[in-house]
Amino acid sequence: MERLSIFYVIYVIFFLSIFLAYDLSAFLTVSPLPTPSFLFYTHNTSLFFLGAQLIGIPSLFVLLYILTREGYIMVLVVMYSTVLILFIFLFHNIIMQIIFGIVAMCLFLSVVPQCVSSISKVLWGISSFYLLAEFFTPFSILLLVPSFLASGIEILSSNNNSSP
Amino acid sequence: MNDKIFYLFKKAEKLVANHKLLSLFVISIILITSALSIIYLFTPILIGCQKTSNGIIEYFINSIDPSFIIKPYFHGNPVNALISVYVNLPNSIKFFEEYYGSSLVIPFSSLANYVKPWNRFKDVNTSLLVFVTYKMNNETYSTAEEIMYNPMWILNDKPIQIISKINIPQKIININTTQIINKVRQIRSAIIKNAHIYCYSCGAGKNYPFIVNMSTEGVIEPKVPPFYQCSPIVNITYFYNLSIPLNWVTVSNNVNKYDEYMLITLSTALSGKVSWYAVSNSTYAGGPYIGVSYSANVNWVISIGHSEYFLSKLDYPTVYTYYNATMAVVTYQVEPKYYVTVFEVLWANPNEIGTSVETSNGDSCVIFTTSNGKHYYILPIGNGSATYLFYLFNETNQIPKVVPYGYGSWNNGKIIVKGEMKVGGMNLIYFTGRYLDQYVKNYRVAEVPFDIVDLLLTLIFPELNVPIDAGLTIIVDFVDYTLFSSYTTVEDYFAYTSISIYFTSFSSGQIYVSFLNYSANVETPLLGFFLNYSTYYNG
């Protein structure tokens, strides 16, 4: 389980970096402070933000598969990628969107069996609704917070277990 | 459950004791990430943006601090630069502020008194005209930008923030001044040779001159460090109530001589939100398209028709539809050898459009008002804005690209049409301007370089400085870059042009229709046509 800390750390760092970039971009742009060109907010910034999540999430779960060797995780990653491609390029409609959200939910739920703490399991369960809700409300981003807390709990737990 | 939570706390406690630093780090990262995800919900909302040749203008909802923020960039990096701000008004331009720094914040409240003249106009957008100058070692680089806004946002203190990122291009152009001076001399001597110096009775002369009302004013901006050595000077030339052609059709003398037609009609419709794009000579300073100077809802529908009996009395008559506008040419000069010229429409009268016919051997009367009084110049360049435009192109060897557009012939009831020419009935052929996009794309020509247009700077007012004289080229530049250019981001309008030729059942004639393409960027179907008898017009 100690190895899973790598996944949790990278998971949190990934979201930390994209949130930091997005929030900095938005607030620096509308402030009188100098804004580097790459951080200047444009209408593409939110697309990049969403794109980073949609591409970053399966990459994180590939890492989870490497660390756990659980076959169903890889199956879910493939399903996620396939449905995402179909959704973006072929069937851009609400039904496909919901299917994608459900697959993404299953992907998030694949972390649950790996969790040591039952509170983390509950928290990951809450976060699994994130991509399902992403297309309907900007507040869905708040659903990620439980997974950050769960990651923290798991990291601390594994460190505790490993300590003498 | 309570036991579990207690157990967790215990574990955390133990961990903190064992791995204090690591634990603190993990907890901090988790808290920061969670906080950032919550902050995300409060990020400003982008509601619109415009891209220009040298920057981007963005509109955010911001209820805390409604303002403009101007940020200059050089090579993609934010830099300290000299920022000069001017406020466009319906009939004038007012200097607002000069500032040196990496960003200038202009609260809406500070502009309220300036924009009051816009209060009487509804549903219009105007703009701030901004010049940005960056000094690096011994070199100075300048560029201009128009920041469009609705004056009601300021007057009603709407929760909007407008951010303008302006890229200052680093380009130095070596101009062959000898060649330019020779060309100017040549053109000026040709004009002076034929021109009357004074016009005692403009409007009542035998040729009914086309009246152009102009005035000029200068602004010397205060000296701001580190620009002590080169305080910017701004010259503004206004064209008041200038009739700008919407569509025009020129009928050759051979058509009038050999063709048997009854009537030629021109119909123009332009309806919806139309934007006027300011352009700059800054092909070497960030242009040409530098933003919208003015936009408004218009509903212009008008027709004009003239008989062969009338048109055949005129030399190369041009039938055209027009609207009236206030235009300005602003020249920003930081160093004696360097300036940026901006051409912009300040206001177009939404309720006043008209039709006219002019003859190419008529006169234009320029009434130029300066602090010394009024000066009158009569120029033998046609008595209308359309011919004036052709004249300027010819004089600068910038003959527009001519595109074959259609052909029609009629002979005792037998009608043959080709290209865009259509049969409208037994005694009518017509063509419309709806399909021009395709034509234009197939016949792209090089852009008219502003350097050449600027040759005309000293043409008519040799006693004035070059920048002020730039105003005389306004029609060319306006039609070339503004009227014809389409940037659909802030436009939503319907445009339609139709030209019909009526004849009797027992007459004969033939007409070659050519479309005159003034720019590589022609997309909007507001345009001119040439009707010729024996072949397509060759320029």
# chains A, B, ... in the order shown; residues from 1 in each chain; ligands from 1

$ closest_atom_pairs --of "chain A" --to "chain B" --cutoff "6 Å" --atoms "only C-alpha atoms" --output "tab-separated table"
residue	atom	partner	partner_atom	distance
A:Leu16	CA	B:Thr33	CA	4.8
A:Phe19	CA	B:Leu36	CA	5.8
A:Asp23	CA	B:Tyr40	CA	5.9
A:Pro32	CA	B:Ser103	CA	5.7
A:Pro34	CA	B:Pro78	CA	5.8
A:Ser37	CA	B:Gly76	CA	5.6
A:Val145	CA	B:Ser34	CA	5.4
A:Phe148	CA	B:Ile30	CA	5.9
A:Asn160	CA	B:Leu15	CA	5.2

$ residues_around --residues "B:Thr370" --least-positions-apart "5" --cutoff "9 Å" --atoms "only C-alpha atoms" --output "number ranges by chain"
B: 214-217, 375

$ select_by_dssp --residues "chain A" --states "helix (DSSP H, G or I)" --output "number ranges by chain"
A: 4-29, 37-39, 45-68, 71-90, 94-109, 112-114, 118-127, 130-134, 138-162

$ residues_around --residues "stretch 406-422 of chain B" --least-positions-apart "4" --cutoff "10 Å" --atoms "only C-alpha atoms" --output "PyMOL selection string"
chain B and resi 259-261+426-436+499-501+503-515+531-533+535-536

$ closest_residue --among "A:Phe108, A:Thr35, A:Glu134, A:Val9" --to "A:Leu149" --atoms "only C-alpha atoms"
A:Val9

$ atom_distance --atom1 "atom CA of A:Phe48" --atom2 "atom CA of A:Phe15"
13.3 Å

$ atom_distance --atom1 "atom CA of A:Ala133" --atom2 "atom CA of A:Phe61"
19.5 Å

$ atom_distance --atom1 "atom CA of B:Tyr376" --atom2 "atom CA of B:Pro209"
11.7 Å

$ closest_residue --among "A:Ile99, A:Leu67, A:Leu39, A:Ile94" --to "A:Thr82" --atoms "only C-alpha atoms"
A:Ile99

$ closest_residue --among "B:Ile233, B:Ile264, B:Leu21, B:Ala348" --to "B:Trp300" --atoms "only C-alpha atoms"
B:Ala348

$ residues_around --residues "B:Ser243" --least-positions-apart "3" --cutoff "6 Å" --atoms "only C-alpha atoms" --output "number ranges by chain"
B: 322-324

$ residues_around --residues "B:Leu346" --least-positions-apart "5" --cutoff "6 Å" --atoms "only C-alpha atoms" --output "list in words"
Pro90, Thr326 and Met327 of chain B

$ write_last_selection --atoms "N, CA and C atoms" --output "PDB file, in the first residue's frame"
ATOM      1  N   PRO B  90     -18.177  61.557 -30.387  1.00  0.00           N
ATOM      2  CA  PRO B  90     -18.845  61.545 -31.698  1.00  0.00           C
ATOM      3  C   PRO B  90     -18.176  62.448 -32.742  1.00  0.00           C
ATOM      4  N   THR B 326     -18.283  60.848 -39.246  1.00  0.00           N
ATOM      5  CA  THR B 326     -17.160  61.665 -38.798  1.00  0.00           C
ATOM      6  C   THR B 326     -15.957  60.748 -38.722  1.00  0.00           C
ATOM      7  N   MET B 327     -14.913  61.148 -39.393  1.00  0.00           N
ATOM      8  CA  MET B 327     -13.718  60.314 -39.402  1.00  0.00           C
ATOM      9  C   MET B 327     -12.536  61.105 -38.873  1.00  0.00           C
TER      10      MET B 327
END

$ residues_around --residues "A:Val78" --least-positions-apart "2" --cutoff "12 Å" --atoms "only C-alpha atoms" --output "compact mmCIF listing (two decimals) with C-alpha atoms, in the first residue's frame"
# COMPACT_ATOMS: atom_id res chain seq x y z
CA PRO A 58 -6.59 8.57 -17.37
CA SER A 59 -2.83 9.09 -17.23
CA PHE A 61 -5.03 5.92 -13.49
CA VAL A 62 -2.50 4.26 -15.78
CA TYR A 65 -2.59 0.35 -12.70
CA GLY A 71 -6.57 -5.39 -14.62
CA TYR A 72 -9.97 -3.74 -14.20
CA ILE A 73 -8.27 -0.35 -13.80
CA MET A 74 -6.70 -0.66 -17.22
CA VAL A 75 -10.01 -1.83 -18.68
CA LEU A 76 -11.67 1.29 -17.25
CA TYR A 80 -12.71 6.07 -20.54
CA SER A 81 -10.43 6.95 -23.46
CA THR A 82 -12.68 5.29 -26.01
CA VAL A 83 -15.84 6.97 -24.77
CA LEU A 84 -14.04 10.32 -24.54
CA ILE A 85 -12.88 10.08 -28.15
CA PHE A 100 -18.75 9.23 -20.30
CA VAL A 103 -17.37 5.49 -17.01
CA ALA A 104 -15.34 8.25 -15.36
CA LEU A 107 -12.65 4.92 -12.95

$ residues_around --residues "B:Asn91" --least-positions-apart "3" --cutoff "12 Å" --atoms "only C-alpha atoms" --output "tab-separated table (two decimals) with all heavy atoms, in the first residue's frame"
chain	number	residue	atom	x	y	z
B	87	VAL	N	-9.74	59.54	-25.71
B	87	VAL	CA	-11.15	59.12	-25.66
B	87	VAL	C	-11.83	59.56	-26.96
B	87	VAL	O	-11.82	60.75	-27.31
B	87	VAL	CB	-11.87	59.78	-24.46
B	87	VAL	CG1	-13.31	59.30	-24.37
B	87	VAL	CG2	-11.13	59.47	-23.17
B	88	ASN	N	-12.40	58.61	-27.67
B	88	ASN	CA	-13.12	58.94	-28.90
B	88	ASN	C	-14.52	59.42	-28.56
B	88	ASN	O	-15.27	58.77	-27.83
B	88	ASN	CB	-13.22	57.71	-29.81
B	88	ASN	CG	-11.91	57.40	-30.49
B	88	ASN	OD1	-11.05	58.27	-30.62
B	88	ASN	ND2	-11.75	56.17	-30.92
B	94	LYS	N	-10.44	63.31	-27.37
B	94	LYS	CA	-9.88	64.04	-26.23
B	94	LYS	C	-8.72	63.26	-25.61
B	94	LYS	O	-8.83	62.05	-25.38
B	94	LYS	CB	-10.95	64.25	-25.14
B	94	LYS	CG	-12.13	65.09	-25.57
B	94	LYS	CD	-11.76	66.55	-25.65
B	94	LYS	CE	-12.95	67.39	-26.10
B	94	LYS	NZ	-12.56	68.62	-26.78
B	115	VAL	N	-17.22	60.76	-21.39
B	115	VAL	CA	-18.09	60.06	-22.34
B	115	VAL	C	-19.53	60.57	-22.34
B	115	VAL	O	-20.39	60.02	-23.04
B	115	VAL	CB	-18.08	58.53	-22.10
B	115	VAL	CG1	-16.69	57.96	-22.26
B	115	VAL	CG2	-18.63	58.18	-20.73
B	117	PRO	N	-20.96	62.98	-23.86
B	117	PRO	CA	-21.56	63.26	-25.18
B	117	PRO	C	-22.21	62.05	-25.84
B	117	PRO	O	-23.04	62.19	-26.73
B	117	PRO	CB	-20.38	63.76	-26.01
B	117	PRO	CG	-19.42	64.30	-25.01
B	117	PRO	CD	-19.57	63.45	-23.79
B	118	TRP	N	-21.81	60.83	-25.40
B	118	TRP	CA	-22.41	59.63	-25.98
B	118	TRP	C	-23.80	59.34	-25.40
B	118	TRP	O	-24.50	58.45	-25.88
B	118	TRP	CB	-21.52	58.41	-25.74
B	118	TRP	CG	-20.28	58.41	-26.59
B	118	TRP	CD1	-19.00	58.59	-26.17
B	118	TRP	CD2	-20.20	58.21	-28.01
B	118	TRP	NE1	-18.13	58.52	-27.23
B	118	TRP	CE2	-18.84	58.29	-28.37
B	118	TRP	CE3	-21.16	57.98	-29.01
B	118	TRP	CZ2	-18.41	58.14	-29.68
B	118	TRP	CZ3	-20.72	57.83	-30.32
B	118	TRP	CH2	-19.37	57.92	-30.64
B	126	THR	N	-18.20	52.76	-28.67
B	126	THR	CA	-17.11	53.62	-29.10
B	126	THR	C	-15.81	53.00	-28.59
B	126	THR	O	-15.78	51.81	-28.25
B	126	THR	CB	-17.32	55.05	-28.58
B	126	THR	OG1	-16.23	55.87	-28.99
B	126	THR	CG2	-17.41	55.09	-27.05
B	214	MET	N	-12.88	69.61	-43.37
B	214	MET	CA	-11.80	69.08	-42.54
B	214	MET	C	-11.36	70.10	-41.51
B	214	MET	O	-11.50	71.30	-41.72
B	214	MET	CB	-10.57	68.76	-43.40
B	214	MET	CG	-10.73	67.67	-44.39
B	214	MET	SD	-9.28	67.62	-45.45
B	214	MET	CE	-7.99	67.33	-44.25
B	215	SER	N	-10.81	69.61	-40.42
B	215	SER	CA	-10.11	70.51	-39.50
B	215	SER	C	-9.01	69.71	-38.82
B	215	SER	O	-8.98	68.48	-38.92
B	215	SER	CB	-11.07	71.09	-38.46
B	215	SER	OG	-11.34	70.15	-37.47
B	236	ILE	N	-4.40	65.52	-34.93
B	236	ILE	CA	-5.69	64.88	-35.24
B	236	ILE	C	-6.35	65.66	-36.36
B	236	ILE	O	-6.55	66.88	-36.25
B	236	ILE	CB	-6.62	64.86	-34.01
B	236	ILE	CG1	-5.90	64.24	-32.80
B	236	ILE	CG2	-7.89	64.09	-34.32
B	236	ILE	CD1	-6.63	64.41	-31.49
B	237	THR	N	-6.67	64.97	-37.42
B	237	THR	CA	-7.38	65.60	-38.54
B	237	THR	C	-8.78	64.99	-38.60
B	237	THR	O	-8.92	63.77	-38.62
B	237	THR	CB	-6.65	65.35	-39.87
B	237	THR	OG1	-5.33	65.87	-39.74
B	237	THR	CG2	-7.35	66.04	-41.02
B	238	TYR	N	-9.78	65.86	-38.62
B	238	TYR	CA	-11.17	65.40	-38.64
B	238	TYR	C	-11.77	65.60	-40.03
B	238	TYR	O	-11.51	66.61	-40.68
B	238	TYR	CB	-12.01	66.19	-37.64
B	238	TYR	CG	-11.58	66.05	-36.21
B	238	TYR	CD1	-10.87	67.06	-35.57
B	238	TYR	CD2	-11.88	64.90	-35.48
B	238	TYR	CE1	-10.47	66.94	-34.26
B	238	TYR	CE2	-11.49	64.76	-34.16
B	238	TYR	CZ	-10.78	65.79	-33.55
B	238	TYR	OH	-10.39	65.67	-32.25
B	239	PHE	N	-12.60	64.67	-40.42
B	239	PHE	CA	-13.44	64.82	-41.61
B	239	PHE	C	-14.88	64.79	-41.11
B	239	PHE	O	-15.33	63.76	-40.61
B	239	PHE	CB	-13.23	63.66	-42.59
B	239	PHE	CG	-11.92	63.69	-43.29
B	239	PHE	CD1	-10.76	63.31	-42.63
B	239	PHE	CD2	-11.84	64.07	-44.62
B	239	PHE	CE1	-9.54	63.34	-43.27
B	239	PHE	CE2	-10.63	64.08	-45.27
B	239	PHE	CZ	-9.47	63.73	-44.60
B	240	TYR	N	-15.56	65.90	-41.25
B	240	TYR	CA	-16.92	65.98	-40.72
B	240	TYR	C	-17.94	65.66	-41.80
B	240	TYR	O	-17.84	66.14	-42.93
B	240	TYR	CB	-17.19	67.37	-40.17
B	240	TYR	CG	-16.25	67.78	-39.06
B	240	TYR	CD1	-15.29	68.75	-39.28
B	240	TYR	CD2	-16.30	67.18	-37.81
B	240	TYR	CE1	-14.40	69.13	-38.28
B	240	TYR	CE2	-15.43	67.54	-36.80
B	240	TYR	CZ	-14.47	68.52	-37.05
B	240	TYR	OH	-13.60	68.88	-36.06
B	241	ASN	N	-18.94	64.90	-41.41
B	241	ASN	CA	-20.07	64.63	-42.30
B	241	ASN	C	-19.60	64.16	-43.68
B	241	ASN	O	-20.11	64.60	-44.70
B	241	ASN	CB	-20.89	65.92	-42.44
B	241	ASN	CG	-22.35	65.58	-42.66
B	241	ASN	OD1	-22.83	64.54	-42.21
B	241	ASN	ND2	-23.05	66.46	-43.36
B	242	LEU	N	-18.65	63.30	-43.67
B	242	LEU	CA	-18.08	62.82	-44.93
B	242	LEU	C	-18.97	61.71	-45.49
B	242	LEU	O	-19.35	60.79	-44.78
B	242	LEU	CB	-16.68	62.27	-44.67
B	242	LEU	CG	-15.86	61.86	-45.89
B	242	LEU	CD1	-15.51	63.07	-46.74
B	242	LEU	CD2	-14.60	61.15	-45.45
B	325	ALA	N	-20.40	60.15	-42.09
B	325	ALA	CA	-19.64	59.77	-40.90
B	325	ALA	C	-18.65	60.87	-40.52
B	325	ALA	O	-18.26	61.68	-41.34
B	325	ALA	CB	-18.89	58.48	-41.15
B	326	THR	N	-18.28	60.85	-39.25
B	326	THR	CA	-17.16	61.67	-38.80
B	326	THR	C	-15.96	60.75	-38.72
B	326	THR	O	-16.01	59.70	-38.08
B	326	THR	CB	-17.41	62.25	-37.39
B	326	THR	OG1	-18.64	62.93	-37.40
B	326	THR	CG2	-16.29	63.19	-36.99
B	327	MET	N	-14.91	61.15	-39.39
B	327	MET	CA	-13.72	60.31	-39.40
B	327	MET	C	-12.54	61.11	-38.87
B	327	MET	O	-12.54	62.34	-38.92
B	327	MET	CB	-13.43	59.84	-40.82
B	327	MET	CG	-14.59	59.09	-41.42
B	327	MET	SD	-14.26	58.60	-43.08
B	327	MET	CE	-13.11	57.30	-42.77
B	328	ALA	N	-11.56	60.38	-38.40
B	328	ALA	CA	-10.38	61.06	-37.87
B	328	ALA	C	-9.12	60.31	-38.28
B	328	ALA	O	-9.11	59.09	-38.42
B	328	ALA	CB	-10.46	61.13	-36.35
B	344	GLU	N	-9.68	56.23	-38.26
B	344	GLU	CA	-10.82	55.68	-37.53
B	344	GLU	C	-12.11	56.47	-37.80
B	344	GLU	O	-12.08	57.67	-38.03
B	344	GLU	CB	-10.53	55.63	-36.03
B	344	GLU	CG	-10.19	56.98	-35.43
B	344	GLU	CD	-10.05	56.93	-33.91
B	344	GLU	OE1	-10.32	55.88	-33.31
B	344	GLU	OE2	-9.67	57.96	-33.35
B	345	VAL	N	-13.21	55.73	-37.73
B	345	VAL	CA	-14.53	56.36	-37.79
B	345	VAL	C	-14.96	56.62	-36.36
B	345	VAL	O	-14.93	55.72	-35.52
B	345	VAL	CB	-15.54	55.43	-38.49
B	345	VAL	CG1	-16.96	55.89	-38.25
B	345	VAL	CG2	-15.27	55.38	-39.97
B	346	LEU	N	-15.31	57.86	-36.07
B	346	LEU	CA	-15.75	58.19	-34.71
B	346	LEU	C	-17.24	57.95	-34.55
B	346	LEU	O	-17.71	57.51	-33.50
B	346	LEU	CB	-15.43	59.65	-34.39
B	346	LEU	CG	-13.95	60.04	-34.40
B	346	LEU	CD1	-13.80	61.52	-34.10
B	346	LEU	CD2	-13.18	59.21	-33.40
B	347	TRP	N	-17.96	58.25	-35.60
B	347	TRP	CA	-19.41	58.14	-35.51
B	347	TRP	C	-19.99	58.11	-36.93
B	347	TRP	O	-19.52	58.83	-37.81
B	347	TRP	CB	-19.98	59.36	-34.76
B	347	TRP	CG	-21.47	59.39	-34.69
B	347	TRP	CD1	-22.28	58.56	-33.99
B	347	TRP	CD2	-22.34	60.32	-35.35
B	347	TRP	NE1	-23.59	58.90	-34.16
B	347	TRP	CE2	-23.66	59.99	-34.99
B	347	TRP	CE3	-22.13	61.40	-36.20
B	347	TRP	CZ2	-24.76	60.69	-35.48
B	347	TRP	CZ3	-23.22	62.10	-36.68
B	347	TRP	CH2	-24.53	61.74	-36.31
B	348	ALA	N	-20.96	57.25	-37.15
B	348	ALA	CA	-21.67	57.23	-38.44
B	348	ALA	C	-23.13	57.52	-38.15
B	348	ALA	O	-23.71	56.96	-37.21
B	348	ALA	CB	-21.53	55.86	-39.09
B	349	ASN	N	-23.68	58.39	-38.93
B	349	ASN	CA	-25.07	58.77	-38.71
B	349	ASN	C	-25.99	57.61	-39.09
B	349	ASN	O	-26.08	57.25	-40.27
B	349	ASN	CB	-25.40	60.01	-39.55
B	349	ASN	CG	-26.73	60.61	-39.17
B	349	ASN	OD1	-27.61	59.91	-38.67
B	349	ASN	ND2	-26.87	61.91	-39.37
